[in-house]
Every structure is written in structure tokens, then in C-alpha cells.
>>> print(open('final09.csv').read())   # CSV, C-alpha atoms
chain,number,residue,atom,x,y,z
A,1,MET,CA,92.5,114.6,62.9
A,2,LYS,CA,92.5,110.8,62.6
A,3,ASN,CA,90.6,109.0,65.3
A,4,THR,CA,93.2,106.5,66.6
A,5,PRO,CA,92.8,104.4,69.7
A,6,GLN,CA,95.3,106.8,71.4
A,7,THR,CA,93.3,110.0,70.5
A,8,HIS,CA,90.1,108.2,71.5
A,9,PHE,CA,91.6,107.3,74.9
A,10,ALA,CA,92.8,110.9,75.4
A,11,SER,CA,89.4,112.3,74.5
A,12,LEU,CA,87.8,109.8,76.9
A,13,ILE,CA,90.0,111.0,79.8
A,14,GLN,CA,89.3,114.7,78.9
A,15,GLU,CA,85.6,114.1,78.6
A,16,PHE,CA,85.6,112.2,81.9
A,17,PHE,CA,87.1,115.1,83.8
A,18,LEU,CA,85.4,118.0,82.0
A,19,GLU,CA,82.0,116.5,81.4
A,20,ARG,CA,81.4,113.8,83.9
A,21,LEU,CA,83.2,115.1,87.0
A,22,MET,CA,83.0,118.8,86.7
A,23,ARG,CA,79.8,119.4,84.8
A,24,GLN,CA,77.5,116.4,85.4
A,25,ARG,CA,78.6,115.4,88.9
A,26,ASN,CA,79.6,118.9,90.1
A,27,SER,CA,82.5,117.4,91.9
A,28,SER,CA,84.5,119.5,94.3
A,29,PRO,CA,88.0,120.8,93.3
A,30,GLN,CA,89.5,118.4,95.9
A,31,THR,CA,87.8,115.4,94.3
A,32,VAL,CA,88.9,116.4,90.8
A,33,ALA,CA,92.5,117.0,92.1
A,34,ALA,CA,92.4,113.5,93.8
A,35,TYR,CA,91.3,111.9,90.6
A,36,ARG,CA,93.9,113.8,88.6
A,37,ASP,CA,96.6,112.6,91.0
A,38,CYS,CA,95.4,109.0,90.7
A,39,PHE,CA,95.5,109.0,87.0
A,40,ARG,CA,98.8,110.7,86.9
A,41,LEU,CA,100.2,107.9,89.1
A,42,LEU,CA,98.4,105.2,87.1
A,43,PHE,CA,99.6,106.5,83.7
A,44,GLU,CA,103.2,106.7,85.0
A,45,PHE,CA,102.9,103.1,86.3
A,46,ALA,CA,101.3,101.9,83.0
A,47,ARG,CA,104.1,103.6,81.0
A,48,GLU,CA,106.7,101.6,83.0
A,49,HIS,CA,104.9,98.3,82.9
A,50,ARG,CA,103.6,98.4,79.4
A,51,ASN,CA,106.9,99.9,78.0
A,52,LYS,CA,104.8,102.5,76.1
A,53,PRO,CA,105.0,106.2,76.2
A,54,THR,CA,102.0,107.7,78.0
A,55,ASP,CA,100.6,109.2,74.8
A,56,ARG,CA,100.5,105.7,73.2
A,57,LEU,CA,98.3,104.1,75.9
A,58,VAL,CA,94.9,102.9,75.0
A,59,LEU,CA,91.8,102.0,77.1
A,60,THR,CA,92.5,98.2,76.9
A,61,ASP,CA,95.9,98.8,78.5
A,62,LEU,CA,94.0,99.4,81.8
A,63,ASP,CA,93.1,95.8,82.3
A,64,ALA,CA,92.6,94.0,85.6
A,65,PRO,CA,96.2,92.7,86.0
A,66,LEU,CA,97.6,96.2,85.4
A,67,VAL,CA,95.1,97.8,87.9
A,68,LEU,CA,95.9,95.1,90.5
A,69,ALA,CA,99.6,95.6,90.0
A,70,PHE,CA,99.1,99.3,90.4
A,71,LEU,CA,97.2,98.9,93.6
A,72,ASP,CA,99.9,96.6,95.0
A,73,HIS,CA,102.5,99.2,94.0
A,74,LEU,CA,100.6,101.9,95.9
A,75,GLU,CA,100.6,99.8,99.1
A,76,LYS,CA,104.0,98.3,99.0
A,77,VAL,CA,106.3,100.8,97.2
A,78,ARG,CA,104.5,104.1,97.9
A,79,LYS,CA,103.4,102.9,101.4
A,80,ASN,CA,99.8,104.1,100.9
A,81,SER,CA,97.2,103.1,103.4
A,82,ILE,CA,94.4,100.7,102.5
A,83,ARG,CA,92.0,103.7,102.5
A,84,SER,CA,94.1,105.5,100.0
A,85,ARG,CA,94.4,102.4,97.9
A,86,ASN,CA,90.6,102.1,97.9
A,87,ALA,CA,90.1,105.7,97.1
A,88,ARG,CA,92.4,105.3,94.0
A,89,LEU,CA,90.4,102.2,93.0
A,90,ALA,CA,87.2,104.1,93.3
A,91,ALA,CA,88.5,106.8,90.9
A,92,ILE,CA,89.6,104.1,88.4
A,93,ARG,CA,86.2,102.4,88.7
A,94,SER,CA,84.4,105.6,88.1
A,95,PHE,CA,86.4,106.3,84.9
A,96,LEU,CA,85.9,102.7,83.7
A,97,ARG,CA,82.1,102.8,84.2
A,98,PHE,CA,82.1,106.1,82.2
A,99,ALA,CA,84.3,104.6,79.5
A,100,VAL,CA,82.3,101.5,79.0
A,101,LEU,CA,79.3,103.6,77.9
A,102,LYS,CA,81.5,105.5,75.4
A,103,ASP,CA,83.5,102.5,74.1
A,104,PRO,CA,81.4,99.3,74.3
A,105,GLN,CA,84.1,97.4,72.4
A,106,SER,CA,86.2,97.4,75.5
A,107,LEU,CA,83.4,95.9,77.6
A,108,ALA,CA,85.2,92.6,78.4
A,109,THR,CA,88.4,94.2,79.5
A,110,ILE,CA,86.6,96.8,81.6
A,111,GLN,CA,84.3,94.3,83.2
A,112,ARG,CA,87.2,92.3,84.5
A,113,ALA,CA,88.8,95.4,85.9
A,114,LEU,CA,85.6,96.5,87.6
A,115,THR,CA,85.4,93.2,89.5
A,116,ILE,CA,88.5,94.1,91.6
A,117,PRO,CA,87.1,94.4,95.1
A,118,ILE,CA,87.9,97.0,97.6
A,119,LYS,CA,90.3,95.9,100.4
A,120,ARG,CA,89.0,95.5,103.9
A,121,HIS,CA,90.7,97.4,106.6
A,122,SER,CA,90.2,97.6,110.4
A,123,ARG,CA,88.5,100.6,111.7
A,124,PRO,CA,89.7,102.0,115.0
A,125,LEU,CA,87.3,101.3,117.9
A,126,VAL,CA,85.6,104.3,119.4
A,127,GLY,CA,86.8,104.6,122.9
A,128,PHE,CA,84.5,105.5,125.7
A,129,LEU,CA,85.2,106.9,129.1
A,130,SER,CA,84.8,104.6,132.1
A,131,ARG,CA,82.6,105.7,135.0
A,132,GLU,CA,85.6,106.6,137.0
A,133,GLU,CA,87.0,108.8,134.2
A,134,VAL,CA,83.7,110.6,133.9
A,135,GLN,CA,83.5,111.2,137.6
A,136,ALA,CA,87.1,112.5,137.6
A,137,LEU,CA,86.2,115.0,134.9
A,138,ASN,CA,83.1,116.1,136.8
A,139,GLN,CA,85.0,116.7,140.0
A,140,ARG,CA,87.7,118.6,138.1
A,141,SER,CA,85.1,120.9,136.5
A,142,ARG,CA,83.5,121.6,139.8
A,143,SER,CA,86.7,122.9,141.3
A,144,PHE,CA,86.6,125.9,138.9
A,145,HIS,CA,83.7,128.3,139.1
A,146,THR,CA,83.6,130.5,136.0
A,147,ILE,CA,80.9,130.9,133.4
A,148,ARG,CA,82.9,129.0,130.9
A,149,THR,CA,83.5,126.0,133.1
A,150,THR,CA,79.8,126.0,134.2
A,151,ARG,CA,78.7,125.9,130.6
A,152,SER,CA,81.3,123.1,129.8
A,153,SER,CA,80.2,121.2,132.9
A,154,PHE,CA,76.5,121.5,131.9
A,155,LEU,CA,77.4,120.2,128.3
A,156,GLY,CA,79.4,117.4,129.7
A,157,HIS,CA,76.7,116.3,132.1
A,158,SER,CA,74.1,116.5,129.3
A,159,LEU,CA,76.2,114.4,126.9
A,160,GLN,CA,77.0,111.9,129.6
A,161,HIS,CA,73.3,111.3,130.5
A,162,ARG,CA,72.2,111.4,126.9
A,163,CYS,CA,74.8,108.8,125.8
A,164,SER,CA,74.1,106.6,128.7
A,165,ARG,CA,70.6,106.1,127.4
A,166,VAL,CA,71.8,104.6,124.1
>>> encode(input="final09.csv", output="C-alpha cells")
Amino acid sequence: MKNTPQTHFASLIQEFFLERLMRQRNSSPQTVAAYRDCFRLLFEFAREHRNKPTDRLVLTDLDAPLVLAFLDHLEKVRKNSIRSRNARLAAIRSFLRFAVLKDPQSLATIQRALTIPIKRHSRPLVGFLSREEVQALNQRSRSFHTIRTTRSSFLGHSLQHRCSRV
């Protein structure tokens, strides 16, 4: 079998999944499935934007402009959250870091794609109970006298006092 750029790219993908993810990293089946889904979407997107059949894609087709367009597509068209977008970017980065070791000729293209930053997102603030809410919970738990509510009340008081020390 002739080693064309297309067969080399296909073997890189296969080696990434079988060797890197499954054997070397011992990734969970959920991680492998998430990476698989990411690359399935990426290859479909690349096929449409490069006007090439998927089996004709090469490693240099995954350049920074394509990856950025793919990430924008995920957010705007597919309505993915920023966290999902960043998870897909992490999968792509992981593959590119692996691929640069196997194909140093693509170093310049891969380096540009690896510089794509993760996108910041706001994290929900952790809410705390006010003093009045804690007192209301304590009074409510005192109105029932069973073993279960006594245990729950004890745990609640312990947590309340422990967290107030922080």
C-alpha cells in the first residue's frame, strides 16, 4: 500500500485512538466516545469547507482558520455551550500534539492551530444560605422527632458550624 498523505493521516487518527488514548493514556470509554464525536463533527465540517471527501483530507487541512471556523460553527450553528466548545478544542489539541511528534513536517501548521486559546466563560456563583434561612431550616427540623430527622439535624448543624469557620 502506497503511503500517501491521506493514508498517513488516516493511520495517524487510528494510532491516536488505539495507541495514545486507549493503550497509553487508558482513557475511559466516555472520553474515547467524546473524542470520536468531536472528530466526526470536525471531519464533516472540514469536508464541507474544504470541498474534499473525508478520505482525501490530510493533516495540513486542520489548520488554525479551519479549527476556529469549526469552533464558531459549534457555538453559533449547533448552539454548543462554551464548555462544550472548549472540550472539543481540547480533543483537537490533544490529537495535534500527538500528530506533531509523528509528522514533524506539519509543525508550522500544527503550531498555529495549537495557539488557539480556550474561551473564557462565567461560572455560576455558589449560593450560601443566609442566617435567617439556616435558622428556618433548624426550626423546621426540630418540629419532627424521628431518628432520621435527628441525624439530618445533627449533620446540618455540623456543616453549618464547620462552614462558618472558613
>>> atom_distance(input="final09.csv", atom1="atom CA of Ala69 of chain A", atom2="atom CA of Thr4 of chain A")
26.6 Å
>>> atom_distance(input="final09.csv", atom1="atom CA of Ser106 of chain A", atom2="atom CA of Leu59 of chain A")
7.4 Å
>>> atom_distance(input="final09.csv", atom1="atom CA of Ala34 of chain A", atom2="atom CA of Leu12 of chain A")
17.9 Å
>>> residues_around(input="final09.csv", residues="Leu62 of chain A", least_positions_apart="3", cutoff="12 Å", atoms="only C-alpha atoms", output="VMD selection string")
chain A and resid 9 39 42 to 43 45 to 47 49 to 50 57 to 59 65 to 70 92 to 93 95 to 96 99 106 to 114
>>> residues_around(input="final09.csv", residues="Ser94 of chain A", least_positions_apart="2", cutoff="10 Å", atoms="all atoms listed in the file", output="compact mmCIF listing (two decimals) with C-alpha atoms, in the coordinates of the input")
# COMPACT_ATOMS: atom_id res chain seq x y z
CA PHE A 16 85.60 112.20 81.90
CA ARG A 20 81.40 113.80 83.90
CA LEU A 21 83.20 115.10 87.00
CA TYR A 35 91.30 111.90 90.60
CA ARG A 88 92.40 105.30 94.00
CA LEU A 89 90.40 102.20 93.00
CA ALA A 90 87.20 104.10 93.30
CA ALA A 91 88.50 106.80 90.90
CA ILE A 92 89.60 104.10 88.40
CA LEU A 96 85.90 102.70 83.70
CA ARG A 97 82.10 102.80 84.20
CA PHE A 98 82.10 106.10 82.20
CA ALA A 99 84.30 104.60 79.50
CA LEU A 114 85.60 96.50 87.60
>>> residues_near_point(input="final09.csv", point="(96.4, 109.0, 95.6)", cutoff="8 Å", atoms="all atoms listed in the file", output="ChimeraX atom specification")
/A:34-35,37-38,41,80,84-85,87-88
>>> decode(input="final09.csv", residues="segment 1-102 of chain A", atoms="C-alpha atoms", output="short mmCIF file (atom, residue, chain, number, x, y, z; two decimals), in the first residue's frame")
data_model
loop_
_atom_site.label_atom_id
_atom_site.label_comp_id
_atom_site.auth_asym_id
_atom_site.auth_seq_id
_atom_site.Cartn_x
_atom_site.Cartn_y
_atom_site.Cartn_z
CA MET A 1 0.00 0.00 0.00
CA LYS A 2 1.40 3.35 -1.05
CA ASN A 3 1.95 5.80 1.80
CA THR A 4 0.07 8.87 0.58
CA PRO A 5 -0.70 11.90 2.76
CA GLN A 6 -4.29 10.62 3.03
CA THR A 7 -3.30 7.13 4.24
CA HIS A 8 -0.75 8.72 6.59
CA PHE A 9 -3.48 10.96 8.07
CA ALA A 10 -5.85 8.02 8.45
CA SER A 11 -3.16 5.98 10.17
CA LEU A 12 -2.41 8.94 12.49
CA ILE A 13 -6.05 9.12 13.54
CA GLN A 14 -6.19 5.37 14.09
CA GLU A 15 -2.94 5.35 16.06
CA PHE A 16 -4.13 8.30 18.16
CA PHE A 17 -7.28 6.46 19.22
CA LEU A 18 -5.85 2.95 19.61
CA GLU A 19 -2.40 3.68 20.94
CA ARG A 20 -2.50 7.10 22.57
CA LEU A 21 -5.97 7.25 24.07
CA MET A 22 -6.73 3.63 24.80
CA ARG A 23 -3.38 1.99 25.46
CA GLN A 24 -1.06 4.74 26.71
CA ARG A 25 -3.48 7.05 28.48
CA ASN A 26 -6.01 4.36 29.45
CA SER A 27 -8.81 6.83 28.72
CA SER A 28 -12.32 5.96 29.78
CA PRO A 29 -14.83 4.78 27.16
CA GLN A 30 -16.68 8.07 27.68
CA THR A 31 -13.56 10.08 26.81
CA VAL A 32 -12.89 7.99 23.72
CA ALA A 33 -16.53 8.41 22.65
CA ALA A 34 -16.37 12.19 23.21
CA TYR A 35 -13.18 12.44 21.14
CA ARG A 36 -14.73 10.24 18.44
CA ASP A 37 -17.78 12.51 18.27
CA CYS A 38 -15.56 15.58 18.10
CA PHE A 39 -13.60 14.23 15.16
CA ARG A 40 -16.72 13.04 13.41
CA LEU A 41 -18.08 16.61 13.57
CA LEU A 42 -14.72 18.10 12.63
CA PHE A 43 -14.30 15.87 9.58
CA GLU A 44 -17.83 16.59 8.42
CA PHE A 45 -17.16 20.32 8.81
CA ALA A 46 -13.79 20.05 7.03
CA ARG A 47 -15.38 18.10 4.18
CA GLU A 48 -17.89 20.89 3.62
CA HIS A 49 -15.40 23.76 3.98
CA ARG A 50 -12.50 22.22 2.07
CA ASN A 51 -14.78 20.75 -0.62
CA LYS A 52 -12.97 17.43 -0.26
CA PRO A 53 -14.29 13.99 0.55
CA THR A 54 -13.36 12.95 4.06
CA ASP A 55 -11.00 10.24 2.82
CA ARG A 56 -8.97 12.90 0.93
CA LEU A 57 -8.30 15.08 3.99
CA VAL A 58 -4.70 15.48 5.11
CA LEU A 59 -3.19 16.69 8.35
CA THR A 60 -2.43 20.17 6.98
CA ASP A 61 -6.14 20.64 6.26
CA LEU A 62 -6.63 21.02 10.02
CA ASP A 63 -5.10 24.47 10.12
CA ALA A 64 -5.93 27.28 12.55
CA PRO A 65 -8.54 29.03 10.35
CA LEU A 66 -10.45 25.77 9.86
CA VAL A 67 -10.35 24.91 13.58
CA LEU A 68 -11.50 28.42 14.51
CA ALA A 69 -14.33 28.25 11.97
CA PHE A 70 -15.29 24.83 13.36
CA LEU A 71 -15.39 26.17 16.93
CA ASP A 72 -17.54 29.12 15.82
CA HIS A 73 -19.82 26.68 14.00
CA LEU A 74 -20.22 24.66 17.19
CA GLU A 75 -21.28 27.73 19.16
CA LYS A 76 -23.43 29.52 16.61
CA VAL A 77 -24.99 26.81 14.46
CA ARG A 78 -25.03 23.80 16.77
CA LYS A 79 -25.70 26.01 19.86
CA ASN A 80 -22.99 24.32 21.95
CA SER A 81 -22.03 25.93 25.23
CA ILE A 82 -18.59 27.40 25.73
CA ARG A 83 -17.68 24.43 27.90
CA SER A 84 -18.56 22.02 25.08
CA ARG A 85 -16.58 24.15 22.64
CA ASN A 86 -13.56 24.08 24.94
CA ALA A 87 -13.87 20.30 25.38
CA ARG A 88 -13.82 19.86 21.58
CA LEU A 89 -10.81 22.17 21.36
CA ALA A 90 -9.04 20.07 24.00
CA ALA A 91 -9.64 16.93 21.93
CA ILE A 92 -8.27 18.60 18.79
CA ARG A 93 -5.24 19.93 20.68
CA SER A 94 -4.54 16.51 22.11
CA PHE A 95 -4.53 14.99 18.63
CA LEU A 96 -2.37 17.76 17.19
CA ARG A 97 0.22 17.40 19.96
CA PHE A 98 0.35 13.69 19.18
CA ALA A 99 0.48 14.29 15.41
CA VAL A 100 3.38 16.76 15.55
CA LEU A 101 5.57 14.05 17.05
CA LYS A 102 4.67 11.66 14.24
#
